[in-house]
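What follows is a single structure, written as C-alpha cells, with notes after it.
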Amino acid sequence: MNLKRIHHVAIICSDYEASKDFYVNKLGLKPIREMYREERQSYKLDLALEGEYVIELFSFPEAPDRPSYPEARGLRHLAFEVDEIEESISELKRNGIETEEIRLDPYTEKRFTFFQDPDGLPLELYEK
C-alpha cells in the first residue's frame, strides 16, 4: 500500500443550511459541487480549501447526535493549519464563533485553539 495523503473528511450535519453557511461563509471553504439525493433525502456538498478537495458535508434525516464530551471513540477533531492564530481567532469572533484559550503544544511548541461547528464538532486551529 502506498498512501499519499488524506483525500477528504466526511461530516454529517443536523441543519444543512446552517452548516453550509458556517463552512462556506464563515470559514471560507469553496464549494466544488452540491447535489440533493432524493432517494436518501440528503444533501451532499463537496468543499475545497486552497484548491484541494477536503470536506464532504452531508445531511441525513434524523442522524443521531455525536457525543463529543466526554471524548468519545472515533474521530476526535478536524484541525486547520493557519499562519497567524490571533488573526484567525479574530476573524472567527467577527463571525460570532467563540474559541477556547490559545494553548501551546509542548512537543512542537506551536500554538493552537479549539472551536466548534454548528453541531458541536470540535475543530482546531493549529499555527504553522
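Each chain in the C-alpha cells gets a letter, A, B, ..., in the order shown, and its residues are numbered from 1; ligands are numbered from 1 in order too.
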
Quick one: everything within 9 Å of Ser68 (chain A), counting only C-alpha atoms, minus sequence neighbours fewer than 5 positions away in the same chain. Send it as a compact mmCIF listing (two decimals) with N, CA and C atoms, in the first residue's frame.
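This went into part14.txt:
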# COMPACT_ATOMS: atom_id res chain seq x y z
N ARG A 76 -11.59 12.44 16.63
CA ARG A 76 -11.57 13.37 17.76
C ARG A 76 -11.85 14.80 17.33
N GLY A 120 -21.47 21.10 17.09
CA GLY A 120 -20.57 20.80 18.21
C GLY A 120 -19.37 19.97 17.83
N LEU A 121 -19.13 19.75 16.53
CA LEU A 121 -17.94 19.02 16.09
C LEU A 121 -16.71 19.84 16.47
N PRO A 122 -15.77 19.25 17.21
CA PRO A 122 -14.59 20.01 17.58
C PRO A 122 -13.67 20.26 16.39

Region 49-59 of chain A surroundings by only C-alpha atoms, 9 Å radius, close-in-sequence under 6 positions cut, as number ranges by chain: A: 6-16, 19-20, 28-30, 32, 41-43

Residue list (alpha helix (DSSP H), DSSP) for chain A, as a ChimeraX atom specification: /A:16-20,85-94

Pick from A:Phe80, A:Glu100, A:Leu75, A:Glu38, whichever lies nearest to Phe60 (chain A) using only C-alpha atoms: A:Glu38

DSSP-assigned strand (DSSP E) members of region 4-124 of chain A, reported as an NGL selection string: :A and (9-13 or 30-37 or 42-49 or 52-59 or 78-82 or 103-104 or 111-116 or 122-124)
